[in-house]
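Raw protein.cif, mmCIF, C-alpha atoms:
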data_structure
loop_
_atom_site.label_atom_id
_atom_site.label_comp_id
_atom_site.auth_asym_id
_atom_site.auth_seq_id
_atom_site.Cartn_x
_atom_site.Cartn_y
_atom_site.Cartn_z
CA ASN A 1453 111.20 88.59 187.33
CA ASN A 1454 110.70 91.70 185.20
CA LYS A 1455 107.63 91.63 183.01
CA ILE A 1456 108.31 92.52 179.36
CA ILE A 1457 105.92 95.22 178.13
CA ASN A 1458 105.09 95.24 174.43
CA ASN A 1459 105.05 98.73 172.94
CA ASP A 1460 102.65 99.62 170.14
CA PRO A 1461 104.21 100.32 166.74
CA SER A 1462 104.04 103.87 165.40
CA ALA A 1463 102.21 104.20 162.07
CA ASN A 1464 103.25 106.94 159.63
CA ALA A 1465 101.21 107.27 156.43
CA GLY A 1466 103.30 110.18 155.11
CA PHE A 1467 102.38 113.76 154.32
CA ASP A 1468 99.06 114.74 152.74
CA GLN A 1469 99.29 115.07 148.95
CA VAL A 1470 97.78 117.09 146.14
CA VAL A 1471 97.85 115.13 142.87
CA ASP A 1472 96.57 115.38 139.30
CA GLU A 1473 93.60 113.40 138.12
CA GLU A 1474 94.28 110.07 136.36
CA GLU A 1475 97.89 109.85 137.57
CA THR A 1476 99.35 106.96 139.57
CA VAL A 1477 99.57 107.93 143.23
CA PHE A 1478 101.87 106.24 145.77
CA ILE A 1479 101.31 106.47 149.53
CA ASP A 1480 104.21 105.28 151.66
CA GLY A 1481 104.19 103.88 155.17
CA ASN A 1482 107.90 103.10 155.35
CA LEU A 1483 108.44 105.71 158.06
CA SER A 1484 106.37 103.60 160.42
CA TYR A 1485 108.42 101.80 163.10
CA ASP A 1486 108.21 99.56 166.14
CA PRO A 1487 109.91 100.68 169.37
CA ASP A 1488 110.67 97.05 170.17
CA ASN A 1489 112.12 96.43 166.73
CA ASP A 1490 109.42 93.88 166.08
CA SER A 1491 108.53 93.04 162.51
CA VAL A 1492 105.36 94.81 161.49
CA SER A 1493 102.59 94.24 158.99
CA TYR A 1494 100.72 96.91 157.06
CA LYS A 1495 97.11 97.36 156.09
CA TRP A 1496 95.85 100.26 153.94
CA VAL A 1497 92.14 101.02 153.66
CA GLN A 1498 90.23 103.89 152.06
CA ILE A 1499 87.85 105.54 154.50
CA ASN A 1500 86.46 108.46 152.48
CA GLY A 1501 86.02 109.86 148.96
CA THR A 1502 85.53 108.49 145.48
CA SER A 1503 86.35 104.79 145.61
CA VAL A 1504 89.67 103.70 144.14
CA SER A 1505 91.38 100.33 143.84
CA LEU A 1506 94.45 99.99 146.05
CA VAL A 1507 97.38 97.94 144.76
CA ASP A 1508 99.45 95.98 147.35
CA GLN A 1509 97.36 97.32 150.20
CA ASN A 1510 99.10 94.96 152.64
CA LYS A 1511 102.55 96.36 151.93
CA ALA A 1512 104.34 99.44 153.19
CA ILE A 1513 103.72 101.23 149.89
CA THR A 1514 100.39 101.08 148.09
CA SER A 1515 99.23 102.85 144.96
CA PHE A 1516 96.09 103.76 143.02
CA ILE A 1517 94.95 105.67 139.95
CA ALA A 1518 93.57 109.07 140.85
CA PRO A 1519 89.94 109.41 139.71
CA THR A 1520 88.85 111.83 137.00
CA VAL A 1521 87.72 115.27 138.14
CA ALA A 1522 84.82 116.60 136.11
CA LYS A 1523 85.91 120.16 135.38
CA ASN A 1524 88.47 122.84 136.10
CA GLY A 1525 88.37 124.07 139.71
CA ASP A 1526 86.76 120.92 141.11
CA THR A 1527 88.60 118.51 143.42
CA HIS A 1528 88.15 115.06 144.95
CA THR A 1529 89.25 114.43 148.56
CA LEU A 1530 90.33 110.89 149.34
CA ASP A 1531 91.20 109.73 152.90
CA PHE A 1532 93.22 106.61 153.68
CA GLN A 1533 94.09 104.82 156.92
CA LEU A 1534 97.28 102.92 157.55
CA GLU A 1535 97.25 100.34 160.35
CA VAL A 1536 100.57 98.86 161.48
CA GLN A 1537 100.61 95.72 163.67
CA ASP A 1538 103.54 94.04 165.43
CA GLY A 1539 101.96 90.59 165.69
CA LYS A 1540 101.91 90.78 169.49
CA GLY A 1541 98.68 92.67 169.88
CA GLY A 1542 100.20 96.08 169.39
CA ALA A 1543 98.92 98.35 166.61
CA GLY A 1544 99.26 101.90 165.42
CA ILE A 1545 97.04 103.95 163.05
CA ASP A 1546 97.70 107.02 160.91
CA LEU A 1547 95.68 108.86 158.26
CA ILE A 1548 96.62 110.57 155.02
CA ARG A 1549 94.52 112.83 152.80
CA VAL A 1550 95.01 112.94 149.02
CA THR A 1551 93.39 115.82 147.15
CA VAL A 1552 92.87 115.18 143.44
CA VAL A 1553 92.65 118.20 141.14
CA ASN A 1554 91.45 118.60 137.58
CA VAL A 1555 94.05 118.79 134.82
CA ASN A 1556 92.81 120.85 131.92
CA LYS A 1557 92.76 118.86 128.70
CA THR A 1558 93.28 120.43 125.31
CA ALA A 1559 90.26 120.82 123.05
CA VAL A 1560 90.09 118.60 119.96
CA ALA A 1561 89.48 120.32 116.61
CA TYR A 1562 87.41 118.54 114.01
CA VAL A 1563 86.33 119.96 110.67
CA SER A 1564 83.82 118.47 108.26
CA SER A 1565 85.11 116.57 105.24
CA GLN A 1566 86.57 118.18 102.15
CA GLN A 1567 84.09 119.70 99.73
CA THR A 1568 83.79 120.29 96.00
CA VAL A 1569 81.53 123.23 95.15
CA ASP A 1570 80.60 125.40 92.19
CA GLU A 1571 82.04 128.87 91.76
CA ASN A 1572 79.97 131.79 93.02
CA THR A 1573 78.08 129.67 95.60
CA ILE A 1574 77.94 130.05 99.39
CA VAL A 1575 80.15 127.53 101.19
CA THR A 1576 79.83 126.52 104.85
CA LEU A 1577 82.90 125.61 106.92
CA ASP A 1578 81.79 123.41 109.81
CA ALA A 1579 83.84 122.65 112.95
CA SER A 1580 80.84 122.06 115.23
CA ALA A 1581 81.96 118.46 115.86
CA SER A 1582 85.03 119.76 117.73
CA SER A 1583 85.02 118.77 121.39
CA ASP A 1584 86.57 119.35 124.79
CA PRO A 1585 87.22 116.46 127.22
CA ASP A 1586 86.34 118.76 130.14
CA SER A 1587 83.16 120.06 128.46
CA ASP A 1588 84.60 123.59 128.49
CA THR A 1589 83.11 126.21 126.18
CA LEU A 1590 85.12 126.33 122.96
CA ILE A 1591 86.65 129.28 121.13
CA TYR A 1592 86.92 129.08 117.32
CA ARG A 1593 89.14 130.88 114.82
CA TRP A 1594 88.96 130.25 111.06
CA ASN A 1595 91.88 131.24 108.83
CA GLN A 1596 92.53 130.83 105.13
CA ILE A 1597 95.84 129.12 104.39
CA SER A 1598 96.03 129.23 100.59
CA GLY A 1599 94.12 129.84 97.38
CA ILE A 1600 92.23 132.87 96.05
CA THR A 1601 91.54 135.10 99.06
CA VAL A 1602 87.91 135.10 100.20
CA ASP A 1603 86.01 136.96 102.91
CA ILE A 1604 85.22 134.52 105.74
CA LYS A 1605 82.01 135.47 107.54
CA ASN A 1606 81.51 134.40 111.20
CA SER A 1607 85.19 133.48 111.38
CA GLN A 1608 85.00 133.12 115.18
CA SER A 1609 82.10 130.69 115.17
CA ALA A 1610 81.91 126.92 114.83
CA LYS A 1611 80.31 127.43 111.41
CA ALA A 1612 81.71 130.02 109.02
CA GLU A 1613 80.76 130.95 105.46
CA PHE A 1614 82.30 132.40 102.33
CA THR A 1615 81.28 132.89 98.73
CA ALA A 1616 83.22 130.71 96.31
CA PRO A 1617 85.18 133.01 93.99
CA LYS A 1618 84.32 133.29 90.33
CA LEU A 1619 86.97 131.63 88.20
CA SER A 1620 88.11 133.25 85.00
CA LYS A 1621 89.06 130.11 83.11
CA ASN A 1622 88.17 126.44 82.81
CA THR A 1623 90.31 125.24 85.70
CA ASP A 1624 89.46 124.34 89.28
CA GLU A 1625 90.85 126.18 92.31
CA ILE A 1626 91.68 124.67 95.71
CA LEU A 1627 91.24 126.79 98.84
CA VAL A 1628 92.70 125.58 102.14
CA PHE A 1629 91.28 126.66 105.50
CA GLU A 1630 92.41 126.04 109.07
CA ILE A 1631 90.26 125.89 112.18
CA GLN A 1632 91.85 126.70 115.54
CA VAL A 1633 89.96 125.52 118.63
CA SER A 1634 90.70 126.38 122.26
CA ASP A 1635 88.90 125.91 125.56
CA GLY A 1636 89.91 129.41 126.69
CA ILE A 1637 91.98 127.96 129.53
CA SER A 1638 94.91 126.34 127.78
CA GLU A 1639 97.21 128.56 125.70
CA THR A 1640 97.39 125.74 123.17
CA PHE A 1641 95.09 125.67 120.14
CA SER A 1642 94.09 122.43 118.48
CA THR A 1643 94.13 122.84 114.69
CA GLU A 1644 92.86 121.03 111.62
CA THR A 1645 92.71 121.96 107.94
CA THR A 1646 90.23 121.31 105.16
CA GLU A 1647 90.36 121.72 101.39
CA ILE A 1648 87.55 123.24 99.35
CA THR A 1649 87.74 122.61 95.60
CA ILE A 1650 86.03 125.30 93.54
CA LYS A 1651 84.82 124.09 90.16
CA ASN A 1652 84.54 126.40 87.20
CA ILE A 1653 81.07 126.48 85.64
CA ASN A 1654 81.17 127.20 81.92
CA GLN A 1655 79.17 130.32 81.05
CA ASN A 1656 77.46 130.64 77.68
CA PRO A 1657 79.09 133.23 75.42
CA SER A 1658 77.18 136.39 74.56
CA ALA A 1659 76.61 136.78 70.78
CA ASN A 1660 76.39 140.26 69.28
CA ALA A 1661 75.77 140.57 65.53
CA GLY A 1662 75.86 144.38 65.62
CA LEU A 1663 73.19 146.98 65.02
CA ASP A 1664 70.48 146.63 62.39
CA LYS A 1665 71.44 148.20 59.06
CA VAL A 1666 69.68 150.03 56.26
CA ILE A 1667 71.64 149.66 53.01
CA VAL A 1668 71.12 150.27 49.34
CA SER A 1669 70.68 147.51 46.77
CA ASN A 1670 73.71 146.10 44.98
CA SER A 1671 76.05 147.41 47.72
CA THR A 1672 78.46 145.28 49.72
CA VAL A 1673 77.34 144.62 53.29
CA THR A 1674 79.72 143.59 56.06
CA LEU A 1675 78.44 142.05 59.29
CA SER A 1676 80.71 141.75 62.34
CA GLY A 1677 80.44 139.75 65.55
CA ASP A 1678 83.39 141.46 67.19
CA LYS A 1679 81.23 142.69 70.09
CA SER A 1680 80.53 139.10 71.11
CA PHE A 1681 82.32 137.97 74.27
CA ASP A 1682 82.77 135.06 76.66
CA LEU A 1683 82.57 135.46 80.46
CA ASP A 1684 85.17 132.70 80.92
CA SER A 1685 87.53 134.33 78.38
CA ASP A 1686 87.31 131.21 76.22
CA ILE A 1687 88.27 131.41 72.53
CA LEU A 1688 85.11 131.84 70.48
CA THR A 1689 84.08 130.29 67.18
CA TYR A 1690 81.51 131.90 64.90
CA HIS A 1691 78.78 130.69 62.57
CA TRP A 1692 76.61 133.02 60.49
CA GLU A 1693 73.25 131.82 59.22
CA GLN A 1694 70.61 133.61 57.18
CA ILE A 1695 67.12 132.96 58.56
CA SER A 1696 64.92 135.02 56.23
CA GLY A 1697 64.81 137.05 53.02
CA PRO A 1698 66.31 136.40 49.57
CA GLU A 1699 69.37 134.22 49.81
CA VAL A 1700 72.55 136.29 49.87
CA PHE A 1701 75.15 133.74 50.97
CA SER A 1702 76.71 131.80 48.11
CA GLN A 1703 78.03 128.26 48.44
CA ASN A 1704 81.50 129.73 48.60
CA THR A 1705 80.72 132.09 51.46
CA ASN A 1706 82.76 131.33 54.63
CA THR A 1707 80.20 131.62 57.43
CA GLY A 1708 82.66 130.60 60.20
CA THR A 1709 84.47 133.94 60.54
CA ILE A 1710 83.99 136.88 62.91
CA THR A 1711 82.95 139.04 59.93
CA ILE A 1712 81.03 138.17 56.82
CA ALA A 1713 80.30 140.15 53.65
CA PHE A 1714 77.66 139.81 50.96
CA GLU A 1715 76.14 141.86 48.16
CA ALA A 1716 72.73 143.33 48.85
CA PRO A 1717 70.18 142.07 46.29
CA ALA A 1718 68.84 144.39 43.66
CA ASN A 1719 65.23 145.32 44.32
CA SER A 1720 62.85 148.21 43.85
CA THR A 1721 61.30 147.85 47.30
CA ASP A 1722 62.71 147.50 50.82
CA ILE A 1723 63.60 143.92 51.78
CA PRO A 1724 64.35 142.80 55.35
CA LEU A 1725 67.14 140.24 55.64
#
In structure tokens, write the structure found in this file.
Amino acid sequence: NNKIINNDPSANAGFDQVVDEEETVFIDGNLSYDPDNDSVSYKWVQINGTSVSLVDQNKAITSFIAPTVAKNGDTHTLDFQLEVQDGKGGAGIDLIRVTVVNVNKTAVAYVSSQQTVDENTIVTLDASASSDPDSDTLIYRWNQISGITVDIKNSQSAKAEFTAPKLSKNTDEILVFEIQVSDGISETFSTETTEITIKNINQNPSANAGLDKVIVSNSTVTLSGDKSFDLDSDILTYHWEQISGPEVFSQNTNTGTITIAFEAPANSTDIPL
């Protein structure tokens, strides 16, 4: 009688792979076979590298989630063994290596909350809370999107500054700025905008009653406040009041005009009014 010899199955774990971090990776043993056409069983085990959790490790195809790689240029090397058995004492083994590479992640721009500030004050734009998932060094670019144009200082830093413009009237002004953040590796910039509301601060008007006068008694004197002005270009109102000397304003004198006239009192000596 001829003795039947059992042949070992041939395990085939597939070609080595290079994969991205955090992706689902499949390793396939379907090219394994048994010379005797026996049914075979599969067993996948990890033998080296950062530990991962294998799904369906007793089937021809198993999978896992590739681990995170800390930074650009780094890799993780994972080695797996496939053992194929025919149930008759025969077994075959094959190895596969999976190299996991870093995938650069886009930086995340973050700018501090909207601000309301007074005109003619120094304003800080702050994007220092921006981040990069790979801890890459960030590049910053500040741009003004709308509003009265201002000079942005340190526009390529996390924190930039400008002087709030002086407003010419009693209205607020909104300036919009954009921060662009990049890790210097990706060509993509992450952007975010912020609004700065500039509030007008009312400035006191400057009163000017004109130069001192020397006049003769019983003559008509005209005083004018036309050199008075307002820094905010507001419409001015006027009120004249005598604070010393013989009274020259009558009850009928309109003291709420830009000019006022009165008759100098008759007197034999000089009188200051």
Nearest candidate to Asn1656 (chain A) (options A:Asn1670, A:Thr1643, A:Ser1680, A:Ser1582; using all atoms listed in the file)
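Closest to Asn1656 (chain A) of all the choices is A:Ser1680.
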The PyMOL selection byres ((chain A and resi 1700) around 8) applied to the shown file, residues as a JSON list (two decimals) with C-alpha atoms, in the frame of the given file:
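Saved the output as selection.json:
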[["chain", "number", "residue", "atom", "x", "y", "z"],
["A", 1698, "PRO", "CA", 66.31, 136.40, 49.57],
["A", 1699, "GLU", "CA", 69.37, 134.22, 49.81],
["A", 1701, "PHE", "CA", 75.15, 133.74, 50.97],
["A", 1702, "SER", "CA", 76.71, 131.80, 48.11],
["A", 1714, "PHE", "CA", 77.66, 139.81, 50.96],
["A", 1715, "GLU", "CA", 76.14, 141.86, 48.16],
["A", 1716, "ALA", "CA", 72.73, 143.33, 48.85],
["A", 1717, "PRO", "CA", 70.18, 142.07, 46.29]]
Residue with smallest distance to Asn1595 (chain A) - pool A:Glu1630, A:Glu1571, A:Glu1475, A:Asp1686, counting only C-alpha atoms:
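Checking each candidate against Asn1595 (chain A), we get A:Glu1630 as the closest.
Using all atoms listed in the file, the residues found no farther than 10 Å from region 1502-1508 of chain A, other than those of its own chain fewer than 3 positions away, are Val1477, Phe1478, Tyr1494, Lys1495, Trp1496, Val1497, Gln1498, Ile1499, Lys1511, Ala1512, Ile1513, Thr1514, Ser1515, Phe1516, Ile1517, Ala1518, Pro1519, Thr1520, His1528, Thr1529, Leu1530 and Asp1531 of chain A.
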Output C-alpha atoms for every residue in that selection, as a tab-separated table (two decimals), in the frame of the given file.
chain	number	residue	atom	x	y	z
A	1477	VAL	CA	99.57	107.93	143.23
A	1478	PHE	CA	101.87	106.24	145.77
A	1494	TYR	CA	100.72	96.91	157.06
A	1495	LYS	CA	97.11	97.36	156.09
A	1496	TRP	CA	95.85	100.26	153.94
A	1497	VAL	CA	92.14	101.02	153.66
A	1498	GLN	CA	90.23	103.89	152.06
A	1499	ILE	CA	87.85	105.54	154.50
A	1511	LYS	CA	102.55	96.36	151.93
A	1512	ALA	CA	104.34	99.44	153.19
A	1513	ILE	CA	103.72	101.23	149.89
A	1514	THR	CA	100.39	101.08	148.09
A	1515	SER	CA	99.23	102.85	144.96
A	1516	PHE	CA	96.09	103.76	143.02
A	1517	ILE	CA	94.95	105.67	139.95
A	1518	ALA	CA	93.57	109.07	140.85
A	1519	PRO	CA	89.94	109.41	139.71
A	1520	THR	CA	88.85	111.83	137.00
A	1528	HIS	CA	88.15	115.06	144.95
A	1529	THR	CA	89.25	114.43	148.56
A	1530	LEU	CA	90.33	110.89	149.34
A	1531	ASP	CA	91.20	109.73	152.90
Which one is closest to Ser1634 (chain A): A:Lys1665, A:Lys1611, A:Arg1593, A:Lys1618? Count only C-alpha atoms.
A:Arg1593
Do a neighbour search on Val1553 (chain A) at 8 Å with all atoms listed in the file, toss out local chain neighbours closer than 5 positions, and write the hits as an MDAnalysis selection string.
chainID A and resid 1470:1473 1521 1525:1528
How would you write as a PyMOL selection string the residues that get within 10 Å of (104.3, 100.1, 163.3) in the file's frame, counting all atoms listed in the file?
chain A and resi 1459-1464+1481-1494+1534-1538+1542-1546
Go ahead and compute the interatomic distance for CA of Ile1637 (chain A) and CA of Gly1501 (chain A), in Å to one decimal.
27.2 Å
